>>> print(open('upload23.cif').read())   # mmCIF, C-alpha atoms and all ligand atoms
data_work
loop_
_atom_site.label_atom_id
_atom_site.label_comp_id
_atom_site.auth_asym_id
_atom_site.auth_seq_id
_atom_site.Cartn_x
_atom_site.Cartn_y
_atom_site.Cartn_z
CA MET A 16 9.33 -35.73 -41.31
CA SER A 17 9.69 -32.98 -38.69
CA THR A 18 9.00 -29.35 -39.64
CA ARG A 19 12.09 -27.27 -38.84
CA ILE A 20 11.12 -23.87 -37.40
CA LEU A 21 13.67 -21.08 -36.95
CA VAL A 22 12.89 -18.16 -34.60
CA THR A 23 15.11 -15.11 -35.13
CA GLY A 24 15.35 -12.87 -32.07
CA GLY A 25 14.80 -16.18 -30.29
CA THR A 26 16.42 -15.21 -27.00
CA GLY A 27 14.52 -11.95 -26.45
CA LEU A 28 11.20 -11.08 -24.78
CA VAL A 29 8.89 -12.74 -27.34
CA GLY A 30 11.36 -15.43 -28.51
CA SER A 31 11.88 -16.75 -24.99
CA ALA A 32 8.10 -16.76 -24.41
CA ILE A 33 7.55 -18.79 -27.61
CA LYS A 34 10.30 -21.21 -26.45
CA TYR A 35 8.52 -21.64 -23.09
CA VAL A 36 5.12 -22.21 -24.73
CA VAL A 37 6.26 -24.71 -27.41
CA GLU A 38 8.10 -26.69 -24.73
CA THR A 39 5.00 -26.82 -22.53
CA THR A 40 1.36 -26.27 -23.56
CA GLU A 41 1.85 -26.07 -27.35
CA LYS A 42 4.39 -28.88 -27.76
CA ARG A 43 4.09 -30.93 -31.03
CA GLY A 44 6.10 -34.01 -31.90
CA ASP A 45 6.34 -33.16 -35.61
CA GLU A 46 8.06 -29.79 -35.07
CA THR A 47 11.72 -29.01 -34.29
CA TRP A 48 12.27 -25.46 -33.05
CA PHE A 49 15.53 -23.46 -33.19
CA PHE A 50 15.83 -20.21 -31.22
CA VAL A 51 18.71 -18.02 -32.39
CA GLY A 52 19.90 -14.76 -30.85
CA SER A 53 22.07 -11.95 -32.23
CA LYS A 54 25.23 -13.70 -31.03
CA GLU A 55 24.66 -16.47 -33.64
CA GLY A 56 24.76 -14.21 -36.66
CA ASN A 57 24.75 -10.60 -37.81
CA LEU A 58 21.45 -10.33 -39.70
CA THR A 59 22.38 -6.91 -41.09
CA ASP A 60 24.94 -8.83 -43.20
CA LEU A 61 23.55 -10.91 -46.12
CA GLN A 62 26.33 -13.53 -46.11
CA SER A 63 26.05 -14.06 -42.36
CA THR A 64 22.26 -14.46 -42.77
CA ARG A 65 22.78 -17.07 -45.51
CA GLU A 66 25.23 -18.98 -43.27
CA LEU A 67 22.66 -19.06 -40.47
CA PHE A 68 19.99 -20.47 -42.80
CA ASP A 69 22.45 -22.96 -44.26
CA LYS A 70 23.08 -24.21 -40.70
CA TYR A 71 19.40 -24.60 -39.70
CA LYS A 72 17.69 -25.17 -43.09
CA PRO A 73 14.25 -24.08 -41.76
CA ASN A 74 10.92 -24.95 -43.40
CA LYS A 75 9.21 -22.12 -41.49
CA VAL A 76 10.44 -18.92 -39.80
CA ILE A 77 9.13 -16.62 -37.10
CA HIS A 78 11.13 -13.42 -37.64
CA LEU A 79 11.38 -11.38 -34.41
CA ALA A 80 14.96 -10.06 -34.64
CA ALA A 81 14.99 -6.26 -34.73
CA MET A 82 16.53 -3.17 -33.23
CA VAL A 83 13.78 -2.33 -30.71
CA GLY A 84 13.35 0.18 -27.93
CA GLY A 85 11.01 2.40 -26.00
CA LEU A 86 9.85 5.90 -26.82
CA PHE A 87 12.97 7.70 -25.60
CA HIS A 88 15.40 5.33 -27.36
CA ASN A 89 13.49 5.74 -30.63
CA MET A 90 13.42 9.54 -30.34
CA LYS A 91 17.21 9.68 -30.12
CA ASN A 92 18.04 7.05 -32.79
CA ASN A 93 15.47 7.17 -35.61
CA LEU A 94 18.07 6.76 -38.40
CA ASP A 95 19.62 3.69 -36.74
CA PHE A 96 16.20 2.14 -36.15
CA LEU A 97 15.39 2.72 -39.85
CA ARG A 98 18.63 1.40 -41.38
CA GLN A 99 19.32 -1.53 -39.01
CA ASN A 100 15.79 -2.86 -39.31
CA MET A 101 15.60 -2.32 -43.09
CA LEU A 102 18.84 -4.32 -43.53
CA ILE A 103 17.71 -7.14 -41.21
CA ASN A 104 14.25 -7.42 -42.77
CA ASP A 105 15.45 -7.35 -46.39
CA ASN A 106 18.14 -9.97 -45.67
CA ILE A 107 15.80 -12.31 -43.81
CA LEU A 108 13.03 -12.26 -46.43
CA LEU A 109 15.48 -12.58 -49.35
CA VAL A 110 17.21 -15.57 -47.70
CA CYS A 111 13.83 -17.13 -46.79
CA HIS A 112 13.00 -16.93 -50.51
CA GLU A 113 16.42 -18.34 -51.55
CA PHE A 114 16.06 -21.24 -49.07
CA ASN A 115 12.50 -21.94 -50.19
CA VAL A 116 11.02 -21.37 -46.72
CA GLU A 117 7.32 -22.26 -47.03
CA LYS A 118 6.04 -19.77 -44.43
CA VAL A 119 7.38 -16.69 -42.64
CA VAL A 120 5.69 -14.73 -39.85
CA SER A 121 7.36 -11.36 -39.24
CA CYS A 122 6.66 -8.94 -36.39
CA LEU A 123 5.32 -5.40 -36.84
CA SER A 124 3.88 -3.19 -34.06
CA THR A 125 0.78 -1.09 -33.42
CA CYS A 126 3.08 1.92 -32.97
CA ILE A 127 3.75 2.02 -36.74
CA PHE A 128 0.18 3.03 -37.65
CA PRO A 129 -0.57 6.60 -38.81
CA ASP A 130 -0.52 9.16 -36.00
CA LYS A 131 -3.46 11.14 -37.40
CA THR A 132 -6.12 8.46 -37.74
CA THR A 133 -9.57 7.35 -36.72
CA TYR A 134 -9.99 4.74 -34.00
CA PRO A 135 -9.93 1.88 -33.55
CA ILE A 136 -7.05 1.24 -35.95
CA ASP A 137 -7.28 -1.92 -38.06
CA GLU A 138 -4.98 -3.85 -40.41
CA THR A 139 -6.13 -1.94 -43.52
CA MET A 140 -4.81 1.38 -42.16
CA ILE A 141 -1.06 0.68 -41.83
CA HIS A 142 0.00 2.88 -44.77
CA ASN A 143 -2.72 5.54 -44.54
CA GLY A 144 -0.60 8.39 -43.26
CA LEU A 145 2.58 9.49 -41.50
CA PRO A 146 3.64 7.59 -38.38
CA HIS A 147 4.23 9.44 -35.10
CA ASP A 148 7.37 11.60 -35.28
CA SER A 149 8.93 9.91 -32.24
CA ASN A 150 9.55 6.59 -34.03
CA PHE A 151 9.32 7.29 -37.78
CA GLY A 152 12.49 5.23 -38.42
CA TYR A 153 11.22 2.05 -36.78
CA SER A 154 7.76 2.57 -38.26
CA TYR A 155 8.87 2.86 -41.90
CA ALA A 156 11.25 -0.12 -41.57
CA LYS A 157 8.42 -2.25 -40.17
CA ARG A 158 5.89 -1.02 -42.75
CA LEU A 159 8.34 -2.13 -45.46
CA ILE A 160 8.03 -5.71 -44.19
CA ASP A 161 4.37 -5.59 -45.25
CA VAL A 162 5.40 -4.16 -48.65
CA LEU A 163 8.09 -6.85 -49.08
CA ASN A 164 5.62 -9.58 -48.10
CA ARG A 165 3.26 -8.38 -50.84
CA GLY A 166 6.12 -8.32 -53.36
CA TYR A 167 7.25 -11.88 -52.53
CA PHE A 168 3.65 -13.07 -52.77
CA GLU A 169 2.88 -11.39 -56.10
CA GLN A 170 6.22 -12.19 -57.75
CA HIS A 171 7.04 -15.59 -56.18
CA ASN A 172 3.81 -16.76 -54.53
CA ARG A 173 5.56 -16.81 -51.14
CA LEU A 174 3.47 -17.05 -47.97
CA PHE A 175 5.29 -14.36 -46.00
CA THR A 176 2.91 -12.69 -43.54
CA SER A 177 3.11 -10.52 -40.41
CA ILE A 178 1.64 -10.06 -36.94
CA VAL A 179 0.99 -6.63 -35.42
CA PRO A 180 1.26 -6.86 -31.62
CA CYS A 181 0.30 -4.02 -29.28
CA ASN A 182 2.84 -3.15 -26.51
CA ILE A 183 4.41 -6.35 -25.17
CA TYR A 184 5.78 -7.05 -21.68
CA GLY A 185 6.87 -10.02 -19.60
CA PRO A 186 9.87 -11.98 -18.29
CA ASN A 187 13.23 -11.64 -20.06
CA ASP A 188 12.42 -8.18 -21.41
CA ASN A 189 15.08 -5.52 -21.95
CA PHE A 190 15.27 -3.60 -18.63
CA SER A 191 17.97 -1.15 -19.68
CA PRO A 192 17.39 2.35 -18.21
CA THR A 193 17.86 4.05 -21.62
CA ALA A 194 16.42 1.65 -24.22
CA SER A 195 13.56 -0.08 -22.41
CA HIS A 196 9.81 0.15 -22.98
CA VAL A 197 7.58 1.62 -20.30
CA ILE A 198 6.83 -1.48 -18.18
CA PRO A 199 10.41 -2.79 -17.84
CA GLY A 200 11.60 0.81 -17.54
CA MET A 201 9.31 1.46 -14.58
CA ILE A 202 10.08 -1.93 -12.98
CA GLN A 203 13.81 -1.27 -13.12
CA ARG A 204 13.47 2.29 -11.78
CA LEU A 205 11.08 1.40 -8.96
CA TYR A 206 13.28 -1.54 -7.91
CA ASN A 207 16.28 0.82 -7.70
CA LEU A 208 14.27 3.41 -5.72
CA ILE A 209 13.10 0.81 -3.18
CA ASN A 210 16.58 -0.68 -2.81
CA ASP A 211 18.46 2.62 -2.72
CA SER A 212 20.66 2.24 0.34
CA THR A 213 22.32 5.64 -0.12
CA THR A 214 19.37 7.35 1.61
CA ASN A 215 17.68 6.92 5.00
CA THR A 216 14.36 8.18 3.63
CA PRO A 217 11.65 5.84 4.93
CA GLN A 218 9.96 3.77 2.18
CA GLU A 219 6.59 5.52 2.63
CA GLU A 220 8.26 8.91 1.99
CA ARG A 221 10.05 7.84 -1.20
CA VAL A 222 8.75 9.27 -4.49
CA PHE A 223 8.47 7.19 -7.68
CA THR A 224 8.62 9.44 -10.75
CA VAL A 225 6.62 8.42 -13.82
CA TYR A 226 7.85 10.01 -17.07
CA GLY A 227 5.30 12.21 -18.84
CA THR A 228 1.76 13.03 -17.71
CA GLY A 229 0.67 9.42 -17.19
CA LYS A 230 -2.35 10.14 -19.37
CA PRO A 231 -1.38 8.29 -22.62
CA LEU A 232 -3.34 5.12 -23.32
CA ARG A 233 -1.85 1.78 -24.29
CA GLN A 234 -2.96 -1.82 -24.89
CA PHE A 235 -0.50 -4.27 -23.33
CA ILE A 236 -0.20 -7.95 -24.22
CA TYR A 237 1.59 -10.39 -21.91
CA SER A 238 4.45 -12.09 -23.79
CA HIS A 239 3.14 -15.60 -23.07
CA ASP A 240 -0.26 -14.72 -24.60
CA LEU A 241 1.42 -13.23 -27.66
CA ALA A 242 3.58 -16.37 -27.94
CA LYS A 243 0.48 -18.60 -28.14
CA LEU A 244 -1.05 -16.35 -30.82
CA ALA A 245 2.21 -16.14 -32.82
CA ILE A 246 2.45 -19.95 -32.84
CA TRP A 247 -1.19 -20.15 -33.97
CA THR A 248 -0.39 -17.64 -36.76
CA LEU A 249 2.52 -19.79 -37.96
CA ARG A 250 0.48 -22.99 -37.90
CA GLU A 251 -2.98 -21.83 -39.04
CA TYR A 252 -3.16 -18.26 -40.46
CA ASP A 253 -2.59 -18.46 -44.22
CA SER A 254 -3.01 -14.90 -45.50
CA VAL A 255 -0.26 -12.46 -46.50
CA SER A 256 -2.25 -9.59 -44.95
CA PRO A 257 -1.05 -8.55 -41.47
CA ILE A 258 -3.08 -9.57 -38.42
CA ILE A 259 -3.25 -7.47 -35.24
CA LEU A 260 -2.56 -9.50 -32.08
CA SER A 261 -3.79 -7.26 -29.29
CA VAL A 262 -5.94 -7.35 -26.19
CA ASP A 263 -9.47 -5.97 -26.57
CA GLU A 264 -10.00 -2.23 -27.00
CA GLU A 265 -11.68 -2.01 -23.59
CA ASP A 266 -8.51 -3.40 -21.97
CA GLU A 267 -6.61 -0.22 -22.88
CA VAL A 268 -5.07 1.41 -19.77
CA THR A 269 -3.38 4.70 -18.89
CA ILE A 270 0.33 4.91 -18.12
CA GLU A 271 -0.70 6.06 -14.62
CA PHE A 272 -2.66 2.82 -14.13
CA VAL A 273 0.44 0.87 -15.24
CA ALA A 274 2.56 2.72 -12.66
CA ARG A 275 0.07 2.00 -9.86
CA SER A 276 -0.15 -1.68 -10.87
CA ILE A 277 3.65 -2.01 -10.76
CA ALA A 278 3.79 -0.18 -7.40
CA LYS A 279 1.18 -2.61 -6.05
CA ALA A 280 3.18 -5.60 -7.31
CA PHE A 281 6.23 -4.27 -5.40
CA ASP A 282 4.02 -3.44 -2.38
CA PHE A 283 5.52 0.07 -2.69
CA LYS A 284 4.10 2.38 0.02
CA GLY A 285 5.58 5.66 -1.25
CA ARG A 286 4.17 8.38 -3.52
CA ILE A 287 3.87 8.47 -7.31
CA GLU A 288 4.59 11.74 -9.12
CA PHE A 289 4.70 12.70 -12.83
CA ASP A 290 7.63 14.39 -14.58
CA THR A 291 5.78 16.32 -17.28
CA THR A 292 9.05 17.66 -18.70
CA LYS A 293 9.45 14.18 -20.25
CA ALA A 294 7.67 13.27 -23.53
CA ASP A 295 4.37 11.39 -23.63
CA GLY A 296 4.87 10.09 -27.18
CA GLN A 297 1.70 8.95 -28.95
CA TYR A 298 -1.37 9.75 -26.84
CA LYS A 299 -3.11 6.57 -28.03
CA LYS A 300 -2.86 3.87 -30.73
CA THR A 301 -6.02 1.92 -30.00
CA ALA A 302 -6.07 -1.15 -32.22
CA SER A 303 -8.99 -3.40 -33.10
CA ASN A 304 -8.48 -7.16 -32.62
CA LYS A 305 -11.73 -7.91 -34.52
CA LYS A 306 -9.90 -9.90 -37.21
CA LEU A 307 -8.14 -12.03 -34.55
CA ARG A 308 -11.41 -12.53 -32.70
CA SER A 309 -13.00 -13.81 -35.94
CA TYR A 310 -10.51 -16.71 -35.79
CA GLN A 311 -10.09 -16.96 -31.99
CA PRO A 312 -13.34 -15.74 -30.40
CA ASP A 313 -12.66 -17.46 -27.06
CA PHE A 314 -8.97 -16.65 -26.58
CA GLN A 315 -8.40 -15.71 -22.93
CA PHE A 316 -5.80 -12.98 -22.29
CA THR A 317 -3.97 -13.10 -18.96
CA LYS A 318 -5.37 -10.51 -16.51
CA PHE A 319 -3.13 -7.40 -16.61
CA GLU A 320 -2.52 -7.18 -12.86
CA ASP A 321 -1.70 -10.92 -12.67
CA ALA A 322 0.79 -10.67 -15.52
CA ILE A 323 2.41 -7.56 -14.02
CA LYS A 324 2.78 -9.39 -10.67
CA HIS A 325 4.32 -12.40 -12.45
CA THR A 326 6.74 -10.13 -14.35
CA VAL A 327 7.79 -8.26 -11.17
CA ASP A 328 8.25 -11.55 -9.29
CA TRP A 329 10.34 -12.89 -12.19
CA TYR A 330 12.40 -9.66 -12.12
CA LEU A 331 13.04 -9.91 -8.36
CA GLN A 332 14.07 -13.57 -8.63
CA SER A 333 16.31 -12.92 -11.68
CA LYS A 334 17.82 -9.84 -10.04
CA SER A 335 18.87 -11.98 -7.08
CA GLN A 336 20.55 -14.34 -9.60
CA ASN A 337 22.06 -11.42 -11.55
CA ALA A 338 20.26 -12.65 -14.70
CA ILE A 339 18.67 -9.44 -15.98
CA ARG A 340 19.28 -7.91 -19.48
CA GLU A 341 19.96 -4.23 -18.64
O1 LIG B 1 6.82 1.65 -24.07
P1 LIG B 1 7.08 3.07 -24.38
O2 LIG B 1 8.46 3.59 -24.13
O3 LIG B 1 6.81 3.38 -25.91
O4 LIG B 1 6.00 3.94 -23.57
P2 LIG B 1 5.49 3.75 -26.73
C1 LIG B 1 6.17 5.31 -23.50
C2 LIG B 1 5.09 5.95 -22.63
O5 LIG B 1 5.31 5.58 -21.24
C3 LIG B 1 5.22 7.44 -22.72
C4 LIG B 1 5.65 6.76 -20.50
O6 LIG B 1 3.96 8.02 -22.50
C5 LIG B 1 6.17 7.74 -21.56
O7 LIG B 1 6.02 9.08 -21.10
N1 LIG B 1 6.67 6.38 -19.49
C6 LIG B 1 6.56 6.63 -18.17
C7 LIG B 1 7.81 5.72 -19.72
N2 LIG B 1 7.64 6.17 -17.51
C8 LIG B 1 8.44 5.57 -18.46
C9 LIG B 1 9.68 4.87 -18.40
O8 LIG B 1 10.31 4.68 -17.33
N3 LIG B 1 10.19 4.39 -19.57
C10 LIG B 1 9.53 4.56 -20.77
N4 LIG B 1 10.07 4.02 -21.90
N5 LIG B 1 8.34 5.23 -20.88
C11 LIG B 1 6.87 2.51 -28.52
C12 LIG B 1 7.55 2.80 -29.84
O9 LIG B 1 6.01 3.59 -28.22
O10 LIG B 1 6.05 1.37 -28.62
C13 LIG B 1 8.40 1.63 -30.24
O11 LIG B 1 8.32 3.99 -29.72
C14 LIG B 1 7.70 0.31 -30.07
O12 LIG B 1 8.76 1.81 -31.60
C15 LIG B 1 6.84 0.22 -28.82
O13 LIG B 1 6.95 -0.01 -31.18
C16 LIG B 1 5.91 -0.98 -28.86
O14 LIG B 1 4.41 2.76 -26.47
O15 LIG B 1 5.17 5.17 -26.52
#
>>> encode(input="upload23.cif", output="structure tokens")
Amino acid sequence: MSTRILVTGGTGLVGSAIKYVVETTEKRGDETWFFVGSKEGNLTDLQSTRELFDKYKPNKVIHLAAMVGGLFHNMKNNLDFLRQNMLINDNILLVCHEFNVEKVVSCLSTCIFPDKTTYPIDETMIHNGLPHDSNFGYSYAKRLIDVLNRGYFEQHNRLFTSIVPCNIYGPNDNFSPTASHVIPGMIQRLYNLINDSTTNTPQEERVFTVYGTGKPLRQFIYSHDLAKLAIWTLREYDSVSPIILSVDEEDEVTIEFVARSIAKAFDFKGRIEFDTTKADGQYKKTASNKKLRSYQPDFQFTKFEDAIKHTVDWYLQSKSQNAIRE
């Protein structure tokens, strides 16, 4: 009997990475995977959510669907991030309970941890203080997943758990100029600068502007690495408590380093400058992956520069085929 696995948000950055991984290195004959995107059902509507589950009748669910965005998109839309994600998350977990789904893995984020905290942050600290002002809406909606998971476990013995990724990047990300996270945002802007045919300025004299000071620190996980760890969580991790899926603390990099890595991947010969009138957001949110390492001590993360080069190459190829989500 095949296990039916439904992935919500299945056509996005992480969903498409999971699809790639389960169809290649992590393929199993006793699993049938369904990847659904927002076009298949409005998850902010309870009836539409029930219809989706009635169609796929999953035994397990990886719940990725969310209203997501980078720092600047969050700063402008905190109420929408709060309400949309609260509706989606409450509907999904209620319907998973109604349809007797045996296991659910939902997706949180390291950006929801308290802003005033000690470092490194670990899974026990999620609710220990106010989140950063810039994304309080998204943060509280995601924290409520952890609260709901506890409620479904205590009241109905449901195994609904959650993963806490650090910043994610990779192919098939959202490259929109207004809503994107930093890596796709920079890739899209640098591509446009290099290919700007409205100016005769030689390439080596063009200036790539990084938003903010470039000093904030971030841990970045390549989507294909996160996909492998999310699949492992679904198959093997049987605790309701969240688990951080992040690269090691020492792999934390500055935004400036990210910009220079992307410029190198494009072989950009121009200058990099910093627009300090733009917000930096959280200075750091260093997360500990000690709990993950206790289960997966030998997991190898893809080298940052290699993954950036792969993502830029994917972007260039997809751009030429007009297949970019912007
Ligand atoms: O990925 P990002 O937008 O969000 O990164 P966060 C923002 C950092 O990158 C800030 C700098 O320090 C920005 O100043 N930055 C530089 C840029 N150039 C750019 C650019 O072109 N685009 C963007 N977006 N940033 C998010 C949370 O925080 O983390 C979300 O707000 C989510 O809720 C995500 O959880 C994982 O890492 O600051």
>>> closest_residue(input="upload23.cif", among="A:Val110, A:Thr269, A:Glu38, A:Lys284", to="A:Pro217", atoms="all atoms listed in the file")
A:Lys284
>>> residues_near_ligand(input="upload23.cif", ligand="ligand LIG 1 (chain B)", cutoff="7 Å", atoms="only C-alpha atoms and all ligand atoms", output="PyMOL selection string")
chain A and resi 83-87+89+124-127+149-150+153-154+181-183+195-198+200-201+204+225-229+231+233+270+293-297
>>> write_last_selection(input="upload23.cif", atoms="C-alpha atoms", output="PDB file, in the frame of the given file")
ATOM      1  CA  VAL A  83      13.780  -2.330 -30.710  1.00  0.00           C
ATOM      2  CA  GLY A  84      13.350   0.180 -27.930  1.00  0.00           C
ATOM      3  CA  GLY A  85      11.010   2.400 -26.000  1.00  0.00           C
ATOM      4  CA  LEU A  86       9.850   5.900 -26.820  1.00  0.00           C
ATOM      5  CA  PHE A  87      12.970   7.700 -25.600  1.00  0.00           C
ATOM      6  CA  ASN A  89      13.490   5.740 -30.630  1.00  0.00           C
ATOM      7  CA  SER A 124       3.880  -3.190 -34.060  1.00  0.00           C
ATOM      8  CA  THR A 125       0.780  -1.090 -33.420  1.00  0.00           C
ATOM      9  CA  CYS A 126       3.080   1.920 -32.970  1.00  0.00           C
ATOM     10  CA  ILE A 127       3.750   2.020 -36.740  1.00  0.00           C
ATOM     11  CA  SER A 149       8.930   9.910 -32.240  1.00  0.00           C
ATOM     12  CA  ASN A 150       9.550   6.590 -34.030  1.00  0.00           C
ATOM     13  CA  TYR A 153      11.220   2.050 -36.780  1.00  0.00           C
ATOM     14  CA  SER A 154       7.760   2.570 -38.260  1.00  0.00           C
ATOM     15  CA  CYS A 181       0.300  -4.020 -29.280  1.00  0.00           C
ATOM     16  CA  ASN A 182       2.840  -3.150 -26.510  1.00  0.00           C
ATOM     17  CA  ILE A 183       4.410  -6.350 -25.170  1.00  0.00           C
ATOM     18  CA  SER A 195      13.560  -0.080 -22.410  1.00  0.00           C
ATOM     19  CA  HIS A 196       9.810   0.150 -22.980  1.00  0.00           C
ATOM     20  CA  VAL A 197       7.580   1.620 -20.300  1.00  0.00           C
ATOM     21  CA  ILE A 198       6.830  -1.480 -18.180  1.00  0.00           C
ATOM     22  CA  GLY A 200      11.600   0.810 -17.540  1.00  0.00           C
ATOM     23  CA  MET A 201       9.310   1.460 -14.580  1.00  0.00           C
ATOM     24  CA  ARG A 204      13.470   2.290 -11.780  1.00  0.00           C
ATOM     25  CA  VAL A 225       6.620   8.420 -13.820  1.00  0.00           C
ATOM     26  CA  TYR A 226       7.850  10.010 -17.070  1.00  0.00           C
ATOM     27  CA  GLY A 227       5.300  12.210 -18.840  1.00  0.00           C
ATOM     28  CA  THR A 228       1.760  13.030 -17.710  1.00  0.00           C
ATOM     29  CA  GLY A 229       0.670   9.420 -17.190  1.00  0.00           C
ATOM     30  CA  PRO A 231      -1.380   8.290 -22.620  1.00  0.00           C
ATOM     31  CA  ARG A 233      -1.850   1.780 -24.290  1.00  0.00           C
ATOM     32  CA  ILE A 270       0.330   4.910 -18.120  1.00  0.00           C
ATOM     33  CA  LYS A 293       9.450  14.180 -20.250  1.00  0.00           C
ATOM     34  CA  ALA A 294       7.670  13.270 -23.530  1.00  0.00           C
ATOM     35  CA  ASP A 295       4.370  11.390 -23.630  1.00  0.00           C
ATOM     36  CA  GLY A 296       4.870  10.090 -27.180  1.00  0.00           C
ATOM     37  CA  GLN A 297       1.700   8.950 -28.950  1.00  0.00           C
TER      38      GLN A 297
END
>>> axis_aligned_box(input="upload23.cif", around="stretch 19-27 of chain A", padding_each_side="3 Å", output="AutoDock Vina command-line options")
--center_x 13.8 --center_y -19.6 --center_z -32.6 --size_x 11.3 --size_y 21.3 --size_z 18.4
>>> atom_distance(input="upload23.cif", atom1="atom CA of A:Gly185", atom2="atom CA of A:Tyr237")
5.8 Å
>>> closest_atom_pairs(input="upload23.cif", of="stretch 157-267 of chain A", to="stretch 44-61 of chain A", cutoff="12 Å", atoms="all atoms listed in the file", output="Markdown table")
| residue | atom | partner | partner_atom | distance |
| --- | --- | --- | --- | --- |
| A:Ile246 | CA | A:Trp48 | CA | 11.3 |
| A:Leu249 | CA | A:Glu46 | CA | 11.8 |
| A:Arg250 | CA | A:Glu46 | CA | 10.6 |
>>> atom_distance(input="upload23.cif", atom1="atom CA of A:Cys122", atom2="atom CA of A:Leu108")
12.3 Å
>>> atom_distance(input="upload23.cif", atom1="atom CA of A:Thr176", atom2="atom CA of A:Ser256")
6.2 Å
>>> decode(input="upload23.cif", residues="stretch 126-140 of chain A", atoms="C-alpha atoms", output="PDB file, in the first residue's frame")
ATOM      1  CA  CYS A 126      13.339  34.949  11.260  1.00  0.00           C
ATOM      2  CA  ILE A 127      10.447  34.349  13.707  1.00  0.00           C
ATOM      3  CA  PHE A 128      12.708  34.009  16.763  1.00  0.00           C
ATOM      4  CA  PRO A 129      12.862  36.819  19.358  1.00  0.00           C
ATOM      5  CA  ASP A 130      14.820  39.863  18.199  1.00  0.00           C
ATOM      6  CA  LYS A 131      16.372  40.496  21.632  1.00  0.00           C
ATOM      7  CA  THR A 132      17.968  37.147  22.396  1.00  0.00           C
ATOM      8  CA  THR A 133      21.179  35.332  23.180  1.00  0.00           C
ATOM      9  CA  TYR A 134      22.997  33.429  20.446  1.00  0.00           C
ATOM     10  CA  PRO A 135      22.991  30.906  19.023  1.00  0.00           C
ATOM     11  CA  ILE A 136      19.193  30.607  18.928  1.00  0.00           C
ATOM     12  CA  ASP A 137      17.763  27.119  19.458  1.00  0.00           C
ATOM     13  CA  GLU A 138      14.339  25.466  19.179  1.00  0.00           C
ATOM     14  CA  THR A 139      13.432  26.161  22.828  1.00  0.00           C
ATOM     15  CA  MET A 140      13.556  29.938  22.308  1.00  0.00           C
TER      16      MET A 140
END
